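Please read the structure below before turning to the comments.
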Amino acid sequence: MSSMQVTKANLSVMGTDSNHFPKDNLPEIVFLGRSNVGKSSFINSLTGRNKLAYTSSNPGKTQTLNFYNINDYLYFVDVPGYGYARVSKKQREAFGKMIENYLTTRKKLVLAILLIDFRHQPTEDDCLMYNYLKYYHIKTLIVGTKLDKVGKTLYNRHEKQIKSTLDFSNADLFVKYSSVTNQGKDEVWKIINQIVNEH
Ligand code: GTP
Ligand code: MG
């Protein structure tokens, strides 16, 4: 199984609420995770487009819901990261509402990909987000990011720690990933294709 050949990847919509969002009914996959975990890099890696989603070492770059049309086949939805201290409380609340509104109202949301830094224990916010997805019965793939920064001999230990901290459900999926080496890319595309084809 290999990755999808992405021939079209366009930022179609940047918006903050429902009346901006696409109306063409394609399946949607949303990317969630704390600020700086590597959401935008992951989107670029999956699509093979290095400059599609704006990445930065300054956290807090993504401030709207960004819908990327992939091959007229589905949308990838990039959202602001959580847990970034230098965003004002008011801004943080606005982001929270925007994401919650998105997660609870989009009929074609087929999968949430929750990114967790593979080097570290999940944060309290990561656990809250995961529980939230469980509460709303949203199918979830956990992606452990920045795999290239972890020694191979530690892979199992880190995966176990992350799963136990999250109280990971075996009904969900887990993939280790590096946006630098693209390790995990075929596996993620395989999961995406399976889920999209079920809908
Ligand atoms: P916000 O938009 O602020 O929420 O951040 P984000 O989650 O979109 O993170 P982004 O993709 O901008 O990446 C943050 C930093 O981590 C950048 O410096 C990336 O180059 C780096 N990074 C992301 N993924 C990887 C990875 O797999 N390996 C390594 N080594 N660095 C990564
Ligand atoms: Mg980003």
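Here's how to read the names in the structure tokens: chain A, B, ... by the order shown, residue numbers from 1 in each chain, ligand numbers from 1 in the order shown.
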
Please find the residues contacting ligand 2 at a distance of at most 6 Å between atoms, with only C-alpha atoms and all ligand atoms counted, and report them as a list in words.
Lys39, Ser40, Thr55, Lys61 and Thr62 of chain A

Counting only C-alpha atoms, which residues of region 38-70 of chain A fall within 10 Å of region 23-31 of chain A, and what is the closest atom pair for each with its distance in Å at one decimal, ordered by chain and rising number, as CSV?
residue,atom,partner,partner_atom,distance
A:Gly38,CA,A:Phe31,CA,9.9
A:Lys39,CA,A:Phe31,CA,6.4
A:Ser40,CA,A:Phe31,CA,8.6
A:Phe42,CA,A:Phe31,CA,8.9
A:Ile43,CA,A:Phe31,CA,8.4
A:Leu65,CA,A:Val30,CA,9.4
A:Asn66,CA,A:Val30,CA,9.7
A:Phe67,CA,A:Glu28,CA,8.7
A:Tyr68,CA,A:Glu28,CA,9.5
A:Asn69,CA,A:Leu26,CA,8.8
A:Ile70,CA,A:Leu26,CA,9.8

Store the residues picked out above, limited to all heavy atoms, as an mmCIF file, in the first residue's frame.
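After the write, again_24.cif holds the following:
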data_model
loop_
_atom_site.group_PDB
_atom_site.id
_atom_site.type_symbol
_atom_site.label_atom_id
_atom_site.label_comp_id
_atom_site.auth_asym_id
_atom_site.auth_seq_id
_atom_site.Cartn_x
_atom_site.Cartn_y
_atom_site.Cartn_z
ATOM 1 N N GLY A 38 3.250 20.053 15.300
ATOM 2 C CA GLY A 38 3.597 19.655 13.939
ATOM 3 C C GLY A 38 2.410 19.399 13.023
ATOM 4 O O GLY A 38 2.541 18.662 12.041
ATOM 5 N N LYS A 39 1.269 20.031 13.298
ATOM 6 C CA LYS A 39 0.070 19.820 12.472
ATOM 7 C C LYS A 39 0.295 20.248 11.036
ATOM 8 O O LYS A 39 0.004 19.516 10.092
ATOM 9 C CB LYS A 39 -1.135 20.584 13.044
ATOM 10 C CG LYS A 39 -1.606 20.083 14.391
ATOM 11 C CD LYS A 39 -2.764 20.897 14.947
ATOM 12 C CE LYS A 39 -2.395 22.357 15.228
ATOM 13 N NZ LYS A 39 -1.281 22.521 16.197
ATOM 14 N N SER A 40 0.786 21.472 10.869
ATOM 15 C CA SER A 40 0.948 21.984 9.506
ATOM 16 C C SER A 40 2.028 21.198 8.756
ATOM 17 O O SER A 40 1.864 20.875 7.571
ATOM 18 C CB SER A 40 1.270 23.479 9.540
ATOM 19 O OG SER A 40 0.216 24.189 10.169
ATOM 20 N N PHE A 42 2.747 18.126 9.191
ATOM 21 C CA PHE A 42 2.144 16.823 8.892
ATOM 22 C C PHE A 42 1.289 16.905 7.629
ATOM 23 O O PHE A 42 1.357 16.032 6.755
ATOM 24 C CB PHE A 42 1.316 16.403 10.113
ATOM 25 C CG PHE A 42 0.600 15.099 10.000
ATOM 26 C CD1 PHE A 42 1.303 13.915 9.819
ATOM 27 C CD2 PHE A 42 -0.778 15.037 10.106
ATOM 28 C CE1 PHE A 42 0.638 12.690 9.740
ATOM 29 C CE2 PHE A 42 -1.451 13.828 10.039
ATOM 30 C CZ PHE A 42 -0.746 12.657 9.848
ATOM 31 N N ILE A 43 0.514 17.968 7.502
ATOM 32 C CA ILE A 43 -0.299 18.166 6.295
ATOM 33 C C ILE A 43 0.606 18.292 5.071
ATOM 34 O O ILE A 43 0.355 17.687 4.027
ATOM 35 C CB ILE A 43 -1.216 19.404 6.454
ATOM 36 C CG1 ILE A 43 -2.309 19.096 7.474
ATOM 37 C CG2 ILE A 43 -1.819 19.829 5.107
ATOM 38 C CD1 ILE A 43 -3.203 20.271 7.807
ATOM 39 N N LEU A 65 -9.816 28.180 10.776
ATOM 40 C CA LEU A 65 -9.963 26.824 10.263
ATOM 41 C C LEU A 65 -9.626 26.885 8.781
ATOM 42 O O LEU A 65 -10.235 27.636 8.028
ATOM 43 C CB LEU A 65 -11.397 26.313 10.459
ATOM 44 C CG LEU A 65 -11.889 26.202 11.899
ATOM 45 C CD1 LEU A 65 -13.308 25.642 11.933
ATOM 46 C CD2 LEU A 65 -10.970 25.326 12.726
ATOM 47 N N ASN A 66 -8.639 26.119 8.378
ATOM 48 C CA ASN A 66 -8.176 26.147 6.989
ATOM 49 C C ASN A 66 -8.539 24.831 6.301
ATOM 50 O O ASN A 66 -8.084 23.771 6.723
ATOM 51 C CB ASN A 66 -6.666 26.362 6.938
ATOM 52 C CG ASN A 66 -6.244 27.685 7.568
ATOM 53 O OD1 ASN A 66 -7.051 28.613 7.672
ATOM 54 N ND2 ASN A 66 -5.016 27.783 8.010
ATOM 55 N N PHE A 67 -9.346 24.932 5.262
ATOM 56 C CA PHE A 67 -9.806 23.748 4.541
ATOM 57 C C PHE A 67 -8.985 23.575 3.269
ATOM 58 O O PHE A 67 -9.035 24.428 2.376
ATOM 59 C CB PHE A 67 -11.281 23.899 4.138
ATOM 60 C CG PHE A 67 -12.242 23.872 5.302
ATOM 61 C CD1 PHE A 67 -12.360 24.966 6.145
ATOM 62 C CD2 PHE A 67 -13.034 22.756 5.531
ATOM 63 C CE1 PHE A 67 -13.248 24.946 7.211
ATOM 64 C CE2 PHE A 67 -13.926 22.731 6.590
ATOM 65 C CZ PHE A 67 -14.033 23.820 7.433
ATOM 66 N N TYR A 68 -8.276 22.470 3.187
ATOM 67 C CA TYR A 68 -7.480 22.168 1.993
ATOM 68 C C TYR A 68 -8.207 21.111 1.167
ATOM 69 O O TYR A 68 -8.451 20.002 1.663
ATOM 70 C CB TYR A 68 -6.091 21.645 2.386
ATOM 71 C CG TYR A 68 -5.279 22.673 3.136
ATOM 72 C CD1 TYR A 68 -5.299 22.729 4.521
ATOM 73 C CD2 TYR A 68 -4.513 23.611 2.445
ATOM 74 C CE1 TYR A 68 -4.577 23.693 5.214
ATOM 75 C CE2 TYR A 68 -3.789 24.576 3.127
ATOM 76 C CZ TYR A 68 -3.828 24.608 4.511
ATOM 77 O OH TYR A 68 -3.113 25.570 5.194
ATOM 78 N N ASN A 69 -8.547 21.447 -0.056
ATOM 79 C CA ASN A 69 -9.160 20.482 -0.969
ATOM 80 C C ASN A 69 -8.056 19.580 -1.529
ATOM 81 O O ASN A 69 -7.125 20.041 -2.178
ATOM 82 C CB ASN A 69 -9.876 21.236 -2.097
ATOM 83 C CG ASN A 69 -10.510 20.300 -3.105
ATOM 84 O OD1 ASN A 69 -9.914 19.297 -3.504
ATOM 85 N ND2 ASN A 69 -11.719 20.633 -3.542
ATOM 86 N N ILE A 70 -8.194 18.281 -1.260
ATOM 87 C CA ILE A 70 -7.202 17.307 -1.720
ATOM 88 C C ILE A 70 -7.818 16.469 -2.838
ATOM 89 O O ILE A 70 -8.724 15.652 -2.586
ATOM 90 C CB ILE A 70 -6.755 16.378 -0.555
ATOM 91 C CG1 ILE A 70 -6.318 17.191 0.671
ATOM 92 C CG2 ILE A 70 -5.659 15.410 -1.027
ATOM 93 C CD1 ILE A 70 -5.129 18.113 0.467
#

Can you list every residue of chain A that has an atom at most 10 Å from ligand 1, with its nearest atom pair and the distance in Å to one decimal, using only C-alpha atoms and all ligand atoms, ordered by chain then number, as a tab-separated table?
residue	atom	partner	partner_atom_place_in_ligand_line	distance
A:Phe31	CA	ligand 1	7 (O)	8.9
A:Leu32	CA	ligand 1	7 (O)	8.0
A:Gly33	CA	ligand 1	7 (O)	6.4
A:Arg34	CA	ligand 1	4 (O)	6.1
A:Ser35	CA	ligand 1	4 (O)	3.4
A:Asn36	CA	ligand 1	5 (O)	3.5
A:Val37	CA	ligand 1	7 (O)	4.2
A:Gly38	CA	ligand 1	9 (O)	3.4
A:Lys39	CA	ligand 1	7 (O)	3.8
A:Ser40	CA	ligand 1	8 (O)	3.7
A:Ser41	CA	ligand 1	11 (O)	3.6
A:Phe42	CA	ligand 1	24 (N)	6.3
A:Ile43	CA	ligand 1	11 (O)	8.0
A:Asn44	CA	ligand 1	11 (O)	8.3
A:Ser45	CA	ligand 1	27 (O)	8.8
A:Ala53	CA	ligand 1	8 (O)	7.8
A:Tyr54	CA	ligand 1	12 (O)	6.6
A:Thr55	CA	ligand 1	12 (O)	3.3
A:Ser56	CA	ligand 1	12 (O)	4.1
A:Ser57	CA	ligand 1	18 (O)	3.9
A:Asn58	CA	ligand 1	3 (O)	6.4
A:Pro59	CA	ligand 1	3 (O)	3.5
A:Gly60	CA	ligand 1	3 (O)	3.6
A:Lys61	CA	ligand 1	2 (O)	4.4
A:Thr62	CA	ligand 1	2 (O)	4.2
A:Gln63	CA	ligand 1	2 (O)	7.6
A:Thr64	CA	ligand 1	2 (O)	9.8
A:Asp78	CA	ligand 1	8 (O)	7.8
A:Val79	CA	ligand 1	4 (O)	7.3
A:Pro80	CA	ligand 1	4 (O)	5.1
A:Gly81	CA	ligand 1	4 (O)	3.6
A:Tyr82	CA	ligand 1	4 (O)	7.0
A:Gly83	CA	ligand 1	4 (O)	9.0
A:Tyr84	CA	ligand 1	3 (O)	8.0
A:Leu115	CA	ligand 1	7 (O)	8.1
A:Ile116	CA	ligand 1	7 (O)	9.6
A:Asp117	CA	ligand 1	24 (N)	9.0
A:Phe118	CA	ligand 1	27 (O)	9.4
A:Gly144	CA	ligand 1	27 (O)	8.9
A:Thr145	CA	ligand 1	27 (O)	5.3
A:Lys146	CA	ligand 1	27 (O)	3.5
A:Leu147	CA	ligand 1	27 (O)	6.0
A:Asp148	CA	ligand 1	28 (N)	5.7
A:Lys149	CA	ligand 1	30 (N)	5.8
A:Val150	CA	ligand 1	30 (N)	9.4
A:Lys176	CA	ligand 1	27 (O)	9.6
A:Tyr177	CA	ligand 1	27 (O)	6.4
A:Ser178	CA	ligand 1	27 (O)	3.6
A:Ser179	CA	ligand 1	27 (O)	3.7
A:Val180	CA	ligand 1	27 (O)	5.0
A:Thr181	CA	ligand 1	27 (O)	7.4
A:Asn182	CA	ligand 1	27 (O)	7.8
A:Gln183	CA	ligand 1	27 (O)	8.8

Export N, CA and C atoms of the chosen residues as a compact mmCIF listing (two decimals), in the first residue's frame?
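Once written, out.txt looks like this:
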# COMPACT_ATOMS: atom_id res chain seq x y z
N PHE A 31 -7.27 18.03 11.83
CA PHE A 31 -5.98 17.84 12.49
C PHE A 31 -5.95 18.66 13.76
N LEU A 32 -5.80 17.98 14.89
CA LEU A 32 -5.84 18.65 16.18
C LEU A 32 -4.54 18.40 16.93
N GLY A 33 -4.22 19.31 17.81
CA GLY A 33 -3.04 19.09 18.65
C GLY A 33 -2.55 20.40 19.22
N ARG A 34 -1.67 20.28 20.19
CA ARG A 34 -1.20 21.51 20.81
C ARG A 34 -0.34 22.29 19.82
N SER A 35 -0.22 23.54 20.09
CA SER A 35 0.54 24.42 19.24
C SER A 35 1.97 23.91 19.13
N ASN A 36 2.49 23.92 17.91
CA ASN A 36 3.89 23.51 17.67
C ASN A 36 4.11 22.00 17.62
N VAL A 37 3.05 21.20 17.73
CA VAL A 37 3.21 19.74 17.73
C VAL A 37 3.57 19.22 16.34
N GLY A 38 3.25 20.05 15.30
CA GLY A 38 3.60 19.65 13.94
C GLY A 38 2.41 19.40 13.02
N LYS A 39 1.27 20.03 13.30
CA LYS A 39 0.07 19.82 12.47
C LYS A 39 0.29 20.25 11.04
N SER A 40 0.79 21.47 10.87
CA SER A 40 0.95 21.98 9.51
C SER A 40 2.03 21.20 8.76
N SER A 41 3.10 20.84 9.44
CA SER A 41 4.16 20.03 8.81
C SER A 41 3.62 18.68 8.38
N PHE A 42 2.75 18.13 9.19
CA PHE A 42 2.14 16.82 8.89
C PHE A 42 1.29 16.91 7.63
N ILE A 43 0.51 17.97 7.50
CA ILE A 43 -0.30 18.17 6.29
C ILE A 43 0.61 18.29 5.07
N ASN A 44 1.68 19.03 5.21
CA ASN A 44 2.62 19.17 4.09
C ASN A 44 3.26 17.84 3.73
N SER A 45 3.62 17.06 4.73
CA SER A 45 4.24 15.77 4.50
C SER A 45 3.26 14.82 3.80
N ALA A 53 0.68 24.16 3.91
CA ALA A 53 0.24 24.71 5.20
C ALA A 53 1.41 25.48 5.80
N TYR A 54 1.12 26.62 6.35
CA TYR A 54 2.18 27.49 6.85
C TYR A 54 2.73 26.94 8.16
N THR A 55 4.03 26.62 8.16
CA THR A 55 4.65 26.09 9.38
C THR A 55 5.58 27.13 9.95
N SER A 56 5.85 27.00 11.24
CA SER A 56 6.71 27.99 11.87
C SER A 56 7.21 27.47 13.20
N SER A 57 8.40 27.90 13.58
CA SER A 57 8.88 27.55 14.91
C SER A 57 8.25 28.48 15.95
N ASN A 58 7.57 29.53 15.51
CA ASN A 58 6.78 30.34 16.45
C ASN A 58 5.40 29.73 16.59
N PRO A 59 5.06 29.24 17.78
CA PRO A 59 3.74 28.64 17.93
C PRO A 59 2.63 29.67 17.72
N GLY A 60 1.46 29.19 17.38
CA GLY A 60 0.30 30.06 17.26
C GLY A 60 0.11 30.64 15.88
N LYS A 61 0.74 30.03 14.88
CA LYS A 61 0.66 30.58 13.52
C LYS A 61 -0.73 30.42 12.89
N THR A 62 -1.32 29.25 13.08
CA THR A 62 -2.62 28.99 12.46
C THR A 62 -3.72 29.58 13.34
N GLN A 63 -4.54 30.47 12.75
CA GLN A 63 -5.53 31.17 13.58
C GLN A 63 -6.97 31.02 13.09
N THR A 64 -7.13 30.33 11.97
CA THR A 64 -8.48 30.11 11.45
C THR A 64 -8.62 28.61 11.15
N ASP A 78 -7.05 22.17 8.92
CA ASP A 78 -6.01 22.57 9.87
C ASP A 78 -6.62 23.59 10.82
N VAL A 79 -6.39 23.42 12.10
CA VAL A 79 -7.01 24.33 13.07
C VAL A 79 -5.94 24.92 14.00
N PRO A 80 -6.26 26.01 14.70
CA PRO A 80 -5.27 26.56 15.63
C PRO A 80 -4.93 25.54 16.71
N GLY A 81 -3.68 25.50 17.09
CA GLY A 81 -3.25 24.60 18.17
C GLY A 81 -3.73 25.11 19.51
N TYR A 82 -3.85 24.19 20.48
CA TYR A 82 -4.22 24.62 21.84
C TYR A 82 -2.97 24.67 22.71
N GLY A 83 -3.14 25.24 23.89
CA GLY A 83 -2.08 25.20 24.89
C GLY A 83 -0.96 26.18 24.65
N TYR A 84 -1.22 27.19 23.83
CA TYR A 84 -0.16 28.18 23.59
C TYR A 84 -0.37 29.36 24.52
N LEU A 115 -2.70 14.91 17.04
CA LEU A 115 -1.24 14.80 17.04
C LEU A 115 -0.69 14.99 18.45
N ILE A 116 0.18 14.07 18.83
CA ILE A 116 0.81 14.10 20.15
C ILE A 116 2.32 14.01 19.92
N ASP A 117 3.07 14.85 20.59
CA ASP A 117 4.53 14.80 20.46
C ASP A 117 5.04 13.45 20.97
N PHE A 118 5.65 12.68 20.09
CA PHE A 118 6.07 11.32 20.45
C PHE A 118 7.17 11.30 21.51
N GLY A 144 1.76 10.10 16.66
CA GLY A 144 2.90 10.51 17.48
C GLY A 144 3.90 11.22 16.59
N THR A 145 4.10 12.52 16.79
CA THR A 145 4.92 13.32 15.87
C THR A 145 6.39 13.41 16.31
N LYS A 146 7.21 13.86 15.38
CA LYS A 146 8.65 14.11 15.60
C LYS A 146 9.39 12.83 15.97
N LEU A 147 8.95 11.74 15.35
CA LEU A 147 9.53 10.42 15.58
C LEU A 147 11.05 10.42 15.34
N ASP A 148 11.49 11.23 14.38
CA ASP A 148 12.94 11.26 14.06
C ASP A 148 13.78 11.74 15.23
N LYS A 149 13.13 12.32 16.24
CA LYS A 149 13.89 12.80 17.40
C LYS A 149 13.92 11.80 18.55
N VAL A 150 13.39 10.60 18.30
CA VAL A 150 13.37 9.57 19.34
C VAL A 150 14.17 8.36 18.86
N LYS A 176 3.03 6.13 14.47
CA LYS A 176 4.21 6.96 14.75
C LYS A 176 4.62 7.66 13.45
N TYR A 177 5.00 8.95 13.55
CA TYR A 177 5.21 9.70 12.32
C TYR A 177 6.39 10.66 12.40
N SER A 178 7.05 10.82 11.27
CA SER A 178 8.04 11.89 11.14
C SER A 178 7.77 12.67 9.86
N SER A 179 7.57 13.96 9.99
CA SER A 179 7.39 14.81 8.81
C SER A 179 8.72 15.10 8.14
N VAL A 180 9.82 14.75 8.80
CA VAL A 180 11.15 14.94 8.21
C VAL A 180 11.48 13.76 7.29
N THR A 181 11.25 12.54 7.77
CA THR A 181 11.58 11.35 6.96
C THR A 181 10.37 10.78 6.23
N ASN A 182 9.16 11.27 6.55
CA ASN A 182 7.89 10.74 6.03
C ASN A 182 7.60 9.32 6.53
N GLN A 183 8.29 8.88 7.55
CA GLN A 183 7.97 7.57 8.13
C GLN A 183 6.54 7.60 8.67

Per-residue DSSP, region 72-198 of chain A, filtered to strand (DSSP E or B), as a PyMOL selection string:
chain A and resi 74-78+82+109-117+140-145+173-176

Go ahead and save the picked residues with N, CA and C atoms, as a PDB file, in the first residue's frame.
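To be explicit, this is the file written out as part.pdb:
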ATOM      1  N   LEU A  74     -11.313  14.818  -0.684  1.00  0.00           N
ATOM      2  CA  LEU A  74     -11.626  15.117   0.713  1.00  0.00           C
ATOM      3  C   LEU A  74     -11.027  16.468   1.076  1.00  0.00           C
ATOM      4  N   TYR A  75     -11.406  16.941   2.278  1.00  0.00           N
ATOM      5  CA  TYR A  75     -10.763  18.134   2.829  1.00  0.00           C
ATOM      6  C   TYR A  75      -9.903  17.757   4.025  1.00  0.00           C
ATOM      7  N   PHE A  76      -8.718  18.339   4.066  1.00  0.00           N
ATOM      8  CA  PHE A  76      -7.935  18.348   5.299  1.00  0.00           C
ATOM      9  C   PHE A  76      -8.236  19.681   5.985  1.00  0.00           C
ATOM     10  N   VAL A  77      -8.505  19.638   7.280  1.00  0.00           N
ATOM     11  CA  VAL A  77      -8.849  20.859   8.003  1.00  0.00           C
ATOM     12  C   VAL A  77      -7.809  21.103   9.095  1.00  0.00           C
ATOM     13  N   ASP A  78      -7.049  22.169   8.923  1.00  0.00           N
ATOM     14  CA  ASP A  78      -6.005  22.575   9.868  1.00  0.00           C
ATOM     15  C   ASP A  78      -6.624  23.593  10.817  1.00  0.00           C
ATOM     16  N   TYR A  82      -3.851  24.195  20.479  1.00  0.00           N
ATOM     17  CA  TYR A  82      -4.218  24.624  21.836  1.00  0.00           C
ATOM     18  C   TYR A  82      -2.971  24.674  22.709  1.00  0.00           C
ATOM     19  N   LEU A 109     -17.510  15.092   8.812  1.00  0.00           N
ATOM     20  CA  LEU A 109     -16.263  14.831   9.530  1.00  0.00           C
ATOM     21  C   LEU A 109     -16.133  13.323   9.735  1.00  0.00           C
ATOM     22  N   VAL A 110     -15.175  12.687   9.040  1.00  0.00           N
ATOM     23  CA  VAL A 110     -15.061  11.218   9.110  1.00  0.00           C
ATOM     24  C   VAL A 110     -13.930  10.767  10.039  1.00  0.00           C
ATOM     25  N   LEU A 111     -12.988  11.672  10.315  1.00  0.00           N
ATOM     26  CA  LEU A 111     -11.852  11.270  11.148  1.00  0.00           C
ATOM     27  C   LEU A 111     -11.185  12.497  11.770  1.00  0.00           C
ATOM     28  N   ALA A 112     -10.861  12.382  13.063  1.00  0.00           N
ATOM     29  CA  ALA A 112     -10.022  13.395  13.705  1.00  0.00           C
ATOM     30  C   ALA A 112      -8.639  12.786  13.876  1.00  0.00           C
ATOM     31  N   ILE A 113      -7.637  13.507  13.439  1.00  0.00           N
ATOM     32  CA  ILE A 113      -6.264  13.073  13.686  1.00  0.00           C
ATOM     33  C   ILE A 113      -5.716  13.955  14.803  1.00  0.00           C
ATOM     34  N   LEU A 114      -5.474  13.338  15.952  1.00  0.00           N
ATOM     35  CA  LEU A 114      -4.962  14.072  17.109  1.00  0.00           C
ATOM     36  C   LEU A 114      -3.455  13.838  17.194  1.00  0.00           C
ATOM     37  N   LEU A 115      -2.699  14.906  17.042  1.00  0.00           N
ATOM     38  CA  LEU A 115      -1.240  14.799  17.043  1.00  0.00           C
ATOM     39  C   LEU A 115      -0.693  14.988  18.451  1.00  0.00           C
ATOM     40  N   ILE A 116       0.183  14.071  18.834  1.00  0.00           N
ATOM     41  CA  ILE A 116       0.813  14.103  20.151  1.00  0.00           C
ATOM     42  C   ILE A 116       2.317  14.006  19.916  1.00  0.00           C
ATOM     43  N   ASP A 117       3.067  14.849  20.590  1.00  0.00           N
ATOM     44  CA  ASP A 117       4.530  14.802  20.456  1.00  0.00           C
ATOM     45  C   ASP A 117       5.041  13.452  20.972  1.00  0.00           C
ATOM     46  N   THR A 140     -11.028   8.433  15.831  1.00  0.00           N
ATOM     47  CA  THR A 140      -9.769   9.147  16.105  1.00  0.00           C
ATOM     48  C   THR A 140      -8.534   8.330  15.735  1.00  0.00           C
ATOM     49  N   LEU A 141      -7.621   9.010  15.083  1.00  0.00           N
ATOM     50  CA  LEU A 141      -6.277   8.469  14.858  1.00  0.00           C
ATOM     51  C   LEU A 141      -5.293   9.318  15.657  1.00  0.00           C
ATOM     52  N   ILE A 142      -4.548   8.687  16.551  1.00  0.00           N
ATOM     53  CA  ILE A 142      -3.476   9.400  17.264  1.00  0.00           C
ATOM     54  C   ILE A 142      -2.203   9.271  16.439  1.00  0.00           C
ATOM     55  N   VAL A 143      -1.590  10.408  16.149  1.00  0.00           N
ATOM     56  CA  VAL A 143      -0.309  10.392  15.449  1.00  0.00           C
ATOM     57  C   VAL A 143       0.766  10.914  16.395  1.00  0.00           C
ATOM     58  N   GLY A 144       1.761  10.097  16.657  1.00  0.00           N
ATOM     59  CA  GLY A 144       2.900  10.512  17.479  1.00  0.00           C
ATOM     60  C   GLY A 144       3.905  11.221  16.589  1.00  0.00           C
ATOM     61  N   THR A 145       4.097  12.521  16.791  1.00  0.00           N
ATOM     62  CA  THR A 145       4.917  13.325  15.874  1.00  0.00           C
ATOM     63  C   THR A 145       6.386  13.407  16.306  1.00  0.00           C
ATOM     64  N   LEU A 173      -6.973   4.369  16.510  1.00  0.00           N
ATOM     65  CA  LEU A 173      -5.789   3.991  15.746  1.00  0.00           C
ATOM     66  C   LEU A 173      -4.590   4.816  16.208  1.00  0.00           C
ATOM     67  N   PHE A 174      -3.415   4.251  16.041  1.00  0.00           N
ATOM     68  CA  PHE A 174      -2.182   4.930  16.464  1.00  0.00           C
ATOM     69  C   PHE A 174      -1.100   4.729  15.407  1.00  0.00           C
ATOM     70  N   VAL A 175      -0.443   5.813  15.003  1.00  0.00           N
ATOM     71  CA  VAL A 175       0.674   5.717  14.057  1.00  0.00           C
ATOM     72  C   VAL A 175       1.812   6.631  14.525  1.00  0.00           C
ATOM     73  N   LYS A 176       3.029   6.132  14.468  1.00  0.00           N
ATOM     74  CA  LYS A 176       4.212   6.962  14.748  1.00  0.00           C
ATOM     75  C   LYS A 176       4.615   7.663  13.452  1.00  0.00           C
TER      76      LYS A 176
END

So how many Å separate CA of Val13 (chain A) and CA of Gly184 (chain A), to one decimal?
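Going from CA of Val13 (chain A) over to CA of Gly184 (chain A), I get 27.5 Å.
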
Considering only C-alpha atoms, can you say which of A:Lys51, A:Gln161, A:Gly151, A:Ser18 comes closest to Leu103 (chain A)?
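Of A:Lys51, A:Gln161, A:Gly151, A:Ser18, the one nearest Leu103 (chain A) is A:Ser18, counting only C-alpha atoms.
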
Kindly indicate which residue among A:Ile195, A:Leu11, A:Leu133, A:Leu52 lies nearest to Ser169 (chain A), using only C-alpha atoms for the distances.
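Nearest candidate to Ser169 (chain A) out of A:Ile195, A:Leu11, A:Leu133, A:Leu52: A:Leu133.
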
Pick from A:Tyr136, A:Asp186, A:Arg119, A:Thr7, whichever lies nearest to Tyr155 (chain A) using only C-alpha atoms:
A:Arg119

Using only C-alpha atoms, which residues sit within 12 Å of Lys190 (chain A) once same-chain residues fewer than 2 positions away are excluded, as a list of chain:residue names?
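My list of contacting residues is A:Met1, A:Ser2, A:Ser3, A:Met4, A:Leu46, A:Leu173, A:Val175, A:Gly184, A:Lys185, A:Asp186, A:Glu187, A:Val188, A:Ile192, A:Asn193, A:Gln194, A:Ile195, A:Val196, A:Asn197.
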
So which residues of region 12-185 of chain A fall under helix (DSSP H, G or I) by DSSP, listed as a PyMOL selection string?
chain A and resi 18-20+39-47+89-105+124-135+147-149+152-166+185
